[in-house]
Amino acid sequence: MMEHLPVEVIGNILSRLGGARDVVIASATCKKWREACRKHLVTLSFNSSDWPVYHDLTTNRLEILITQTIFQTSGLQGLSILMDDVDEFSASTVIAWLMYTRETLRRLYYNVRTTPNVNILEICGRQKLEVLSLAHNSITGVEPNFQRFPCLKSLSLSHVAISALDLSLMLTACQNIETLELVNPEIAMSDAQVKVELSSLTLKNFYVEAISLDKFILEADSIERLHLKDCALELFELIGTGTLKHFKIDDVSVIHIDIGETVDNLEIVDISNFTIFWPKFYQMISRSSKLKKLRLWDVVFDEDEIVDLETIAVCFPQLTHLSLSYDLRDGVIHYGLQGSSNFENVVVLELGWIVINDLFSHWVEGLLKRCPNLKRIVIFGVVSEIKTHEECLLLGTFTSSIVQLMRKYLHVEVQFEYE
């Protein structure tokens, strides 16, 4: 059967193997498979975490192996070279790899330390690259008129040193970009550039992690997904035209956040490990009548505020998923059960606690009564490794009360997840 496979199909099989070592071994099967590797292999990956031997080889020997493997191909569309914790490579060798593949390359994942630094933009600009992921690299002197990326849809910069100006120019050079990821970038500031300002007409997805800035302003008229994680900002402002659908904040410290007039089409709001001034935050999202999923998890409220679930039920009638983590401080539950309006469309309810107490089961019962069409409830909890006798009794009492409670709701699927 195998001997009748067309070489194009064999090339597709080899491309799905991923790791270069596996491709080389498989291509040694016979002459036909070697031909498939030379002419029809489209994806090749060198990852130091996939094969421990990468760390045992000298840099010179590793360069030779990678060079030989790449130069045996003729039409690579996807190339991944991730050499984390590996000594620096020769810049001339790495440039040879990129020059050899750049005309056919569509996807490049690059984490290679070289001396001197390799200018990826100069080599791969004006080509057909659609996905570019750079890690532990530096970008300087961006010239958008020359280093254009007309086909680039996705750009990821992880631990990359770049100035605020070059970052802005880089986005300008990507005229059709849809996804931008910034992970722990080393952003250099000049006296004239005290804030990061980015603008794109085509950007749809923006993810930023581990960034610390005074001001971050993003102007994106097509933005649909915005995710901020582990950031410290004085001001974050999104300027758009109302296309935002998914807004997520995770472990962010920000004094002022403004997503402007972009909330009318919001469908998902996911907030965790965040300090909220509830009236202001609610005012920001209150026009999101299309909201389907609301998650407020490990959220700290300023000035012992109480979130009015009645208002949430009325303002967000299309909610199907509601996730709340229980917090009791000074005898006050931050998610009040006042009111009578139901969450008519909620089918999934996620509830959790950090410190369990007797009131939690009563709070769960109150929410269950407000969700007449519920199909599934997930209860999250934190259980310490060393438990006192009182903690064991409290956990046992809670479990029994939940079991008894759910006998009234036999149509609802119950799931427990403990940390």
# chains A, B, ... in the order shown; residues from 1 in each chain; ligands from 1
$ select_by_dssp --residues "range 222-417 of chain A" --states "helix (DSSP H, G or I)" --output "MDAnalysis selection string"
chainID A and resid 278:285 302:304 309:315 359:369 389:406
$ residues_around --residues "range 196-206 of chain A" --least-positions-apart "5" --cutoff "9 Å" --atoms "only C-alpha atoms" --output "PyMOL selection string"
chain A and resi 153+164-165+167-169+171-172+174-182+187+189+213-228+243-244
$ write_last_selection --atoms "N, CA and C atoms" --output "compact mmCIF listing (two decimals), in the first residue's frame"
# COMPACT_ATOMS: atom_id res chain seq x y z
N LYS A 153 -0.59 38.32 8.65
CA LYS A 153 -1.86 38.34 9.38
C LYS A 153 -1.65 38.24 10.89
N ALA A 164 9.20 52.16 21.56
CA ALA A 164 7.78 52.47 21.36
C ALA A 164 7.52 52.94 19.94
N LEU A 165 8.43 53.73 19.39
CA LEU A 165 8.29 54.23 18.02
C LEU A 165 8.37 53.10 17.02
N LEU A 167 7.76 49.96 17.48
CA LEU A 167 6.58 49.11 17.61
C LEU A 167 5.41 49.68 16.82
N SER A 168 5.25 50.98 16.91
CA SER A 168 4.19 51.64 16.15
C SER A 168 4.43 51.55 14.65
N LEU A 169 5.69 51.75 14.25
CA LEU A 169 6.03 51.66 12.82
C LEU A 169 5.89 50.23 12.31
N LEU A 171 3.72 48.01 13.28
CA LEU A 171 2.30 47.76 13.02
C LEU A 171 1.86 48.44 11.74
N THR A 172 2.42 49.62 11.45
CA THR A 172 2.12 50.32 10.21
C THR A 172 2.58 49.54 8.99
N CYS A 174 2.60 46.41 8.69
CA CYS A 174 1.75 45.21 8.51
C CYS A 174 0.35 45.67 8.15
N GLN A 175 0.12 45.92 6.89
CA GLN A 175 -1.12 46.56 6.45
C GLN A 175 -2.35 45.69 6.60
N ASN A 176 -2.18 44.37 6.68
CA ASN A 176 -3.33 43.46 6.77
C ASN A 176 -3.30 42.62 8.04
N ILE A 177 -2.62 43.08 9.07
CA ILE A 177 -2.49 42.32 10.30
C ILE A 177 -3.84 42.16 11.00
N GLU A 178 -4.08 40.96 11.55
CA GLU A 178 -5.31 40.68 12.27
C GLU A 178 -5.06 40.30 13.73
N THR A 179 -3.88 39.73 14.01
CA THR A 179 -3.57 39.29 15.37
C THR A 179 -2.22 39.82 15.80
N LEU A 180 -2.18 40.43 16.99
CA LEU A 180 -0.93 40.94 17.56
C LEU A 180 -0.81 40.46 18.99
N GLU A 181 0.35 39.84 19.31
CA GLU A 181 0.64 39.38 20.66
C GLU A 181 1.94 40.02 21.14
N LEU A 182 1.89 40.61 22.32
CA LEU A 182 3.08 41.19 22.95
C LEU A 182 3.25 40.53 24.31
N ILE A 187 10.32 47.47 26.11
CA ILE A 187 10.01 48.66 25.33
C ILE A 187 10.85 49.84 25.82
N MET A 189 11.90 53.71 25.94
CA MET A 189 11.21 54.99 25.84
C MET A 189 12.22 56.11 25.63
N LEU A 213 3.80 50.04 31.80
CA LEU A 213 3.88 51.32 31.10
C LEU A 213 3.05 52.37 31.83
N ASP A 214 3.33 53.63 31.52
CA ASP A 214 2.47 54.69 32.03
C ASP A 214 1.17 54.76 31.24
N LYS A 215 1.30 54.81 29.91
CA LYS A 215 0.11 54.95 29.07
C LYS A 215 0.19 54.02 27.87
N PHE A 216 -0.93 53.40 27.57
CA PHE A 216 -1.02 52.53 26.40
C PHE A 216 -2.33 52.88 25.69
N ILE A 217 -2.20 53.37 24.47
CA ILE A 217 -3.37 53.77 23.69
C ILE A 217 -3.41 52.93 22.41
N LEU A 218 -4.52 52.24 22.20
CA LEU A 218 -4.69 51.39 21.01
C LEU A 218 -5.89 51.89 20.22
N GLU A 219 -5.63 52.25 18.96
CA GLU A 219 -6.70 52.65 18.06
C GLU A 219 -6.88 51.55 17.02
N ALA A 220 -8.01 50.87 17.10
CA ALA A 220 -8.25 49.71 16.22
C ALA A 220 -9.73 49.64 15.88
N ASP A 221 -10.07 49.98 14.66
CA ASP A 221 -11.47 50.07 14.25
C ASP A 221 -12.11 48.71 13.98
N SER A 222 -11.29 47.63 13.93
CA SER A 222 -11.85 46.31 13.65
C SER A 222 -11.64 45.34 14.81
N ILE A 223 -11.23 45.83 15.97
CA ILE A 223 -10.88 44.97 17.10
C ILE A 223 -12.08 44.15 17.57
N GLU A 224 -11.85 42.85 17.79
CA GLU A 224 -12.90 41.96 18.27
C GLU A 224 -12.54 41.32 19.61
N ARG A 225 -11.25 41.04 19.83
CA ARG A 225 -10.81 40.40 21.06
C ARG A 225 -9.68 41.21 21.69
N LEU A 226 -9.82 41.51 22.98
CA LEU A 226 -8.81 42.25 23.72
C LEU A 226 -8.54 41.52 25.03
N HIS A 227 -7.26 41.14 25.26
CA HIS A 227 -6.89 40.39 26.46
C HIS A 227 -5.65 41.03 27.08
N LEU A 228 -5.79 41.53 28.29
CA LEU A 228 -4.68 42.08 29.05
C LEU A 228 -4.37 41.13 30.20
N THR A 243 -16.69 47.32 17.54
CA THR A 243 -16.58 45.94 17.03
C THR A 243 -16.14 44.96 18.11
N LEU A 244 -15.75 45.43 19.30
CA LEU A 244 -15.21 44.57 20.35
C LEU A 244 -16.27 43.56 20.82
$ closest_residue --among "A:Leu82, A:Ile249, A:Val347, A:Leu309" --to "Val269 in chain A" --atoms "only C-alpha atoms"
A:Ile249
$ select_by_dssp --residues "range 1-180 of chain A" --states "strand (DSSP E)" --output "number ranges by chain"
A: 43-47, 78-82, 89-90, 107-111, 114-115, 131-135, 138-139, 154-158, 161-163, 179-180
$ residues_around --residues "range 93-100 of chain A" --least-positions-apart "4" --cutoff "10 Å" --atoms "only C-alpha atoms" --output "list in words"
Asn60, Glu63, Ile64, Ile66, Thr67, Gln68, Ile70, Phe71, Thr73, Ser74, Gly75, Leu76, Leu79, Ile81, Phe89, Thr104, Leu105, Leu108, Val112, Arg113, Thr114, Val118, Asn119, Ile120, Ile123 and Cys124 of chain A
$ write_last_selection --atoms "N, CA, C and O atoms" --output "compact mmCIF listing (two decimals), in the first residue's frame"
# COMPACT_ATOMS: atom_id res chain seq x y z
N ASN A 60 28.56 24.66 16.49
CA ASN A 60 29.02 24.47 15.12
C ASN A 60 28.37 23.24 14.50
O ASN A 60 27.91 23.27 13.35
N GLU A 63 24.65 23.86 13.85
CA GLU A 63 24.46 24.69 12.67
C GLU A 63 24.56 23.86 11.39
O GLU A 63 23.77 24.04 10.46
N ILE A 64 25.53 22.94 11.36
CA ILE A 64 25.71 22.08 10.18
C ILE A 64 24.49 21.20 9.96
O ILE A 64 23.99 21.06 8.83
N ILE A 66 21.35 21.63 10.97
CA ILE A 66 20.19 22.42 10.55
C ILE A 66 20.35 22.87 9.10
O ILE A 66 19.40 22.81 8.30
N THR A 67 21.54 23.31 8.75
CA THR A 67 21.81 23.76 7.38
C THR A 67 21.58 22.63 6.38
O THR A 67 20.91 22.82 5.35
N GLN A 68 22.13 21.46 6.66
CA GLN A 68 21.97 20.33 5.75
C GLN A 68 20.50 19.96 5.58
O GLN A 68 20.05 19.67 4.46
N ILE A 70 17.73 21.89 6.08
CA ILE A 70 16.96 22.93 5.38
C ILE A 70 17.31 22.95 3.89
O ILE A 70 16.41 23.04 3.03
N PHE A 71 18.59 22.80 3.57
CA PHE A 71 19.01 22.90 2.18
C PHE A 71 18.63 21.68 1.35
O PHE A 71 18.77 21.69 0.13
N THR A 73 15.52 20.73 1.30
CA THR A 73 14.13 21.01 0.93
C THR A 73 14.11 22.05 -0.19
O THR A 73 15.12 22.70 -0.47
N SER A 74 12.92 22.22 -0.79
CA SER A 74 12.86 23.18 -1.91
C SER A 74 11.63 24.08 -1.87
O SER A 74 11.52 24.98 -2.70
N GLY A 75 10.72 23.86 -0.95
CA GLY A 75 9.51 24.71 -0.95
C GLY A 75 8.89 24.85 0.43
O GLY A 75 7.66 24.78 0.56
N LEU A 76 9.70 25.08 1.44
CA LEU A 76 9.18 25.19 2.80
C LEU A 76 8.22 26.39 2.93
O LEU A 76 8.54 27.49 2.50
N LEU A 79 8.49 27.28 8.87
CA LEU A 79 9.79 26.98 9.46
C LEU A 79 9.79 27.45 10.91
O LEU A 79 9.48 28.60 11.21
N ILE A 81 12.29 27.52 14.22
CA ILE A 81 13.63 27.34 14.80
C ILE A 81 13.60 27.94 16.20
O ILE A 81 13.72 29.15 16.38
N PHE A 89 24.32 31.40 17.88
CA PHE A 89 24.66 30.90 16.55
C PHE A 89 25.39 31.99 15.78
O PHE A 89 25.33 33.17 16.11
N THR A 104 9.33 31.25 -0.34
CA THR A 104 8.17 30.36 -0.22
C THR A 104 7.57 30.37 1.18
O THR A 104 6.48 29.86 1.40
N LEU A 105 8.28 30.97 2.13
CA LEU A 105 7.89 30.88 3.54
C LEU A 105 6.59 31.66 3.81
O LEU A 105 6.44 32.80 3.40
N LEU A 108 6.87 31.72 10.06
CA LEU A 108 8.20 31.67 10.65
C LEU A 108 8.09 31.85 12.17
O LEU A 108 7.57 32.86 12.64
N VAL A 112 16.22 32.43 18.08
CA VAL A 112 17.62 32.07 17.91
C VAL A 112 18.48 33.26 18.34
O VAL A 112 18.27 34.38 17.85
N ARG A 113 19.41 33.01 19.20
CA ARG A 113 20.35 34.07 19.62
C ARG A 113 21.56 34.05 18.70
O ARG A 113 22.16 32.99 18.49
N THR A 114 21.89 35.20 18.15
CA THR A 114 23.01 35.28 17.21
C THR A 114 23.92 36.45 17.56
O THR A 114 23.52 37.38 18.26
N VAL A 118 20.37 39.27 14.01
CA VAL A 118 19.88 39.14 12.64
C VAL A 118 18.64 40.01 12.47
O VAL A 118 17.69 39.93 13.26
N ASN A 119 18.65 40.84 11.44
CA ASN A 119 17.52 41.72 11.14
C ASN A 119 16.47 40.95 10.34
O ASN A 119 16.54 40.87 9.12
N ILE A 120 15.51 40.39 11.06
CA ILE A 120 14.46 39.58 10.42
C ILE A 120 13.63 40.42 9.46
O ILE A 120 13.23 39.96 8.38
N ILE A 123 15.28 40.89 6.07
CA ILE A 123 15.37 39.68 5.26
C ILE A 123 14.00 39.24 4.76
O ILE A 123 13.85 38.84 3.60
N CYS A 124 13.00 39.30 5.63
CA CYS A 124 11.69 38.72 5.30
C CYS A 124 10.66 39.75 4.84
O CYS A 124 9.53 39.38 4.49
$ closest_residue --among "A:Leu14, A:Leu351, A:Leu266, A:Leu157" --to "Glu35 in chain A" --atoms "only C-alpha atoms"
A:Leu14
$ residues_around --residues "Ser340 in chain A" --least-positions-apart "3" --cutoff "10 Å" --atoms "only C-alpha atoms" --output "PyMOL selection string"
chain A and resi 309-310+313+337+343+369-370
$ atom_distance --atom1 "CA of Leu134 in chain A" --atom2 "CA of Pro52 in chain A"
22.3 Å
$ atom_distance --atom1 "CA of Asn137 in chain A" --atom2 "CA of Val160 in chain A"
4.9 Å
$ atom_distance --atom1 "CA of Ser92 in chain A" --atom2 "CA of Thr140 in chain A"
18.7 Å
$ residues_around --residues "Val23 in chain A" --least-positions-apart "6" --cutoff "12 Å" --atoms "only C-alpha atoms" --output "list in words"
Ile10, Gly11, Asn12, Ile13, Leu14, Ser15, Arg16, Leu17, Thr29, Trp33, Arg34, Ala36, Cys37, Arg38, Leu41, Val42, Thr43, Leu44, Ser45, Phe46, Thr69, Ile70, Gln72 and Thr73 of chain A
$ write_last_selection --atoms "C-alpha atoms" --output "CSV table (one decimal), in the first residue's frame"
chain,number,residue,atom,x,y,z
A,10,ILE,CA,4.1,11.4,1.4
A,11,GLY,CA,5.3,15.1,1.6
A,12,ASN,CA,2.1,15.9,3.4
A,13,ILE,CA,2.7,13.1,5.9
A,14,LEU,CA,6.3,14.2,6.6
A,15,SER,CA,5.1,17.8,7.1
A,16,ARG,CA,2.7,16.6,9.8
A,17,LEU,CA,5.5,15.0,11.8
A,29,THR,CA,12.9,4.9,4.4
A,33,TRP,CA,10.4,9.3,0.6
A,34,ARG,CA,13.7,11.1,0.1
A,36,ALA,CA,9.1,13.7,-1.1
A,37,CYS,CA,11.2,15.3,1.5
A,38,ARG,CA,13.2,17.3,-1.1
A,41,LEU,CA,8.0,19.0,2.5
A,42,VAL,CA,6.2,22.2,3.5
A,43,THR,CA,6.8,22.3,7.3
A,44,LEU,CA,10.0,21.8,9.3
A,45,SER,CA,10.6,22.4,13.0
A,46,PHE,CA,13.8,22.5,15.1
A,69,THR,CA,18.3,19.6,6.6
A,70,ILE,CA,17.0,22.9,5.4
A,72,GLN,CA,17.6,19.5,1.2
A,73,THR,CA,14.1,21.0,0.9
$ residues_around --residues "Asp166 in chain A" --least-positions-apart "6" --cutoff "8 Å" --atoms "only C-alpha atoms" --output "number ranges by chain"
A: 139-142
$ write_last_selection --atoms "N, CA, C and O atoms" --output "tab-separated table (two decimals), in the first residue's frame"
chain	number	residue	atom	x	y	z
A	139	ILE	N	14.49	44.46	17.77
A	139	ILE	CA	14.06	45.12	16.53
A	139	ILE	C	14.41	46.60	16.64
A	139	ILE	O	14.01	47.28	17.59
A	140	THR	N	15.17	47.08	15.66
A	140	THR	CA	15.56	48.50	15.67
A	140	THR	C	15.45	49.07	14.26
A	140	THR	O	15.55	48.34	13.27
A	141	GLY	N	15.24	50.36	14.21
A	141	GLY	CA	15.26	51.07	12.92
A	141	GLY	C	14.24	50.59	11.92
A	141	GLY	O	14.58	50.36	10.75
A	142	VAL	N	12.99	50.43	12.34
A	142	VAL	CA	11.94	49.96	11.42
A	142	VAL	C	11.67	51.02	10.36
A	142	VAL	O	11.48	52.21	10.67
$ residues_around --residues "Ala210 in chain A" --least-positions-apart "6" --cutoff "6 Å" --atoms "only C-alpha atoms" --output "mmCIF file with all heavy atoms, in the first residue's frame"
data_model
loop_
_atom_site.group_PDB
_atom_site.id
_atom_site.type_symbol
_atom_site.label_atom_id
_atom_site.label_comp_id
_atom_site.auth_asym_id
_atom_site.auth_seq_id
_atom_site.Cartn_x
_atom_site.Cartn_y
_atom_site.Cartn_z
ATOM 1 N N ASN A 184 5.828 40.258 27.448
ATOM 2 C CA ASN A 184 6.997 40.766 28.167
ATOM 3 C C ASN A 184 7.991 41.473 27.240
ATOM 4 O O ASN A 184 9.190 41.167 27.235
ATOM 5 C CB ASN A 184 7.689 39.615 28.903
ATOM 6 C CG ASN A 184 8.624 40.117 29.995
ATOM 7 O OD1 ASN A 184 8.585 41.290 30.361
ATOM 8 N ND2 ASN A 184 9.462 39.239 30.496
ATOM 9 N N ASP A 230 -1.459 40.203 33.408
ATOM 10 C CA ASP A 230 -0.264 40.458 34.217
ATOM 11 C C ASP A 230 0.425 41.752 33.798
ATOM 12 O O ASP A 230 1.634 41.787 33.548
ATOM 13 C CB ASP A 230 0.695 39.259 34.093
ATOM 14 C CG ASP A 230 1.833 39.317 35.112
ATOM 15 O OD1 ASP A 230 1.651 39.988 36.137
ATOM 16 O OD2 ASP A 230 2.891 38.716 34.863
ATOM 17 N N CYS A 231 -0.344 42.835 33.727
ATOM 18 C CA CYS A 231 0.192 44.124 33.292
ATOM 19 C C CYS A 231 0.077 45.165 34.407
ATOM 20 O O CYS A 231 -0.796 45.068 35.271
ATOM 21 C CB CYS A 231 -0.561 44.625 32.061
ATOM 22 S SG CYS A 231 -0.395 43.573 30.608
#
$ decode --residues "range 108-218 of chain A" --atoms "C-alpha atoms" --output "short mmCIF file (atom, residue, chain, number, x, y, z; two decimals), in the first residue's frame"
data_model
loop_
_atom_site.label_atom_id
_atom_site.label_comp_id
_atom_site.auth_asym_id
_atom_site.auth_seq_id
_atom_site.Cartn_x
_atom_site.Cartn_y
_atom_site.Cartn_z
CA LEU A 108 8.20 31.67 10.65
CA TYR A 109 8.66 30.91 14.36
CA TYR A 110 12.07 32.23 15.37
CA ASN A 111 13.92 32.09 18.69
CA VAL A 112 17.62 32.07 17.91
CA ARG A 113 20.35 34.07 19.62
CA THR A 114 23.01 35.28 17.21
CA THR A 115 26.09 37.49 17.17
CA PRO A 116 25.45 40.03 15.76
CA ASN A 117 21.65 40.25 15.84
CA VAL A 118 19.88 39.14 12.64
CA ASN A 119 17.52 41.72 11.14
CA ILE A 120 14.46 39.58 10.42
CA LEU A 121 12.51 42.51 9.01
CA GLU A 122 15.14 43.30 6.40
CA ILE A 123 15.37 39.68 5.26
CA CYS A 124 11.69 38.72 5.30
CA GLY A 125 10.11 42.05 4.39
CA ARG A 126 8.23 42.33 1.07
CA GLN A 127 7.79 38.55 0.98
CA LYS A 128 4.72 36.29 1.42
CA LEU A 129 5.03 35.76 5.17
CA GLU A 130 1.62 35.39 6.88
CA VAL A 131 2.69 34.44 10.43
CA LEU A 132 5.75 35.81 12.23
CA SER A 133 6.63 34.86 15.80
CA LEU A 134 9.83 36.30 17.29
CA ALA A 135 11.28 35.57 20.73
CA HIS A 136 14.39 36.84 22.56
CA ASN A 137 15.29 39.12 19.70
CA SER A 138 15.65 42.84 19.12
CA ILE A 139 14.06 45.12 16.53
CA THR A 140 15.56 48.50 15.67
CA GLY A 141 15.26 51.07 12.92
CA VAL A 142 11.94 49.96 11.42
CA GLU A 143 11.37 51.49 7.98
CA PRO A 144 7.73 50.80 7.01
CA ASN A 145 8.19 52.10 3.48
CA PHE A 146 10.84 49.45 2.79
CA GLN A 147 10.20 46.66 5.28
CA ARG A 148 6.56 46.05 4.43
CA PHE A 149 4.75 42.81 5.21
CA PRO A 150 1.82 42.87 2.76
CA CYS A 151 0.59 39.35 3.61
CA LEU A 152 1.27 39.23 7.36
CA LYS A 153 -1.86 38.34 9.38
CA SER A 154 -0.32 37.36 12.74
CA LEU A 155 2.61 38.92 14.64
CA SER A 156 3.91 37.69 18.01
CA LEU A 157 6.74 39.38 19.90
CA SER A 158 7.94 37.62 23.07
CA HIS A 159 10.79 39.04 25.17
CA VAL A 160 11.70 41.28 22.24
CA ALA A 161 13.55 44.56 22.71
CA ILE A 162 11.89 47.31 20.70
CA SER A 163 11.28 51.02 21.10
CA ALA A 164 7.78 52.47 21.36
CA LEU A 165 8.29 54.23 18.02
CA ASP A 166 9.52 51.09 16.23
CA LEU A 167 6.58 49.11 17.61
CA SER A 168 4.19 51.64 16.15
CA LEU A 169 6.03 51.66 12.82
CA MET A 170 6.09 47.86 12.79
CA LEU A 171 2.30 47.76 13.02
CA THR A 172 2.12 50.32 10.21
CA ALA A 173 4.27 48.05 8.04
CA CYS A 174 1.75 45.21 8.51
CA GLN A 175 -1.12 46.56 6.45
CA ASN A 176 -3.33 43.46 6.77
CA ILE A 177 -2.49 42.32 10.30
CA GLU A 178 -5.31 40.68 12.27
CA THR A 179 -3.57 39.29 15.37
CA LEU A 180 -0.93 40.94 17.56
CA GLU A 181 0.64 39.38 20.66
CA LEU A 182 3.08 41.19 22.95
CA VAL A 183 4.60 39.09 25.74
CA ASN A 184 7.00 40.77 28.17
CA PRO A 185 8.44 43.16 25.58
CA GLU A 186 11.40 45.35 26.50
CA ILE A 187 10.01 48.66 25.33
CA ALA A 188 12.53 51.51 25.24
CA MET A 189 11.21 54.99 25.84
CA SER A 190 12.72 58.22 24.56
CA ASP A 191 12.08 61.59 26.16
CA ALA A 192 9.77 62.46 23.29
CA GLN A 193 7.92 59.13 23.45
CA VAL A 194 6.47 58.70 26.94
CA LYS A 195 3.58 56.44 25.92
CA VAL A 196 2.85 53.61 23.51
CA GLU A 197 0.37 54.47 20.77
CA LEU A 198 -0.62 51.81 18.26
CA SER A 199 -3.01 52.16 15.35
CA SER A 200 -4.38 49.60 12.90
CA LEU A 201 -7.43 49.46 10.66
CA THR A 202 -7.34 45.66 10.31
CA LEU A 203 -6.35 44.40 13.79
CA LYS A 204 -8.94 42.00 15.25
CA ASN A 205 -7.17 40.24 18.11
CA PHE A 206 -4.82 41.87 20.62
CA TYR A 207 -3.10 40.07 23.50
CA VAL A 208 -0.60 41.74 25.81
CA GLU A 209 1.15 40.11 28.77
CA ALA A 210 3.68 41.25 31.38
CA ILE A 211 4.02 44.84 30.27
CA SER A 212 4.62 47.86 32.51
CA LEU A 213 3.88 51.32 31.10
CA ASP A 214 2.47 54.69 32.03
CA LYS A 215 0.11 54.95 29.07
CA PHE A 216 -1.02 52.53 26.40
CA ILE A 217 -3.37 53.77 23.69
CA LEU A 218 -4.69 51.39 21.01
#
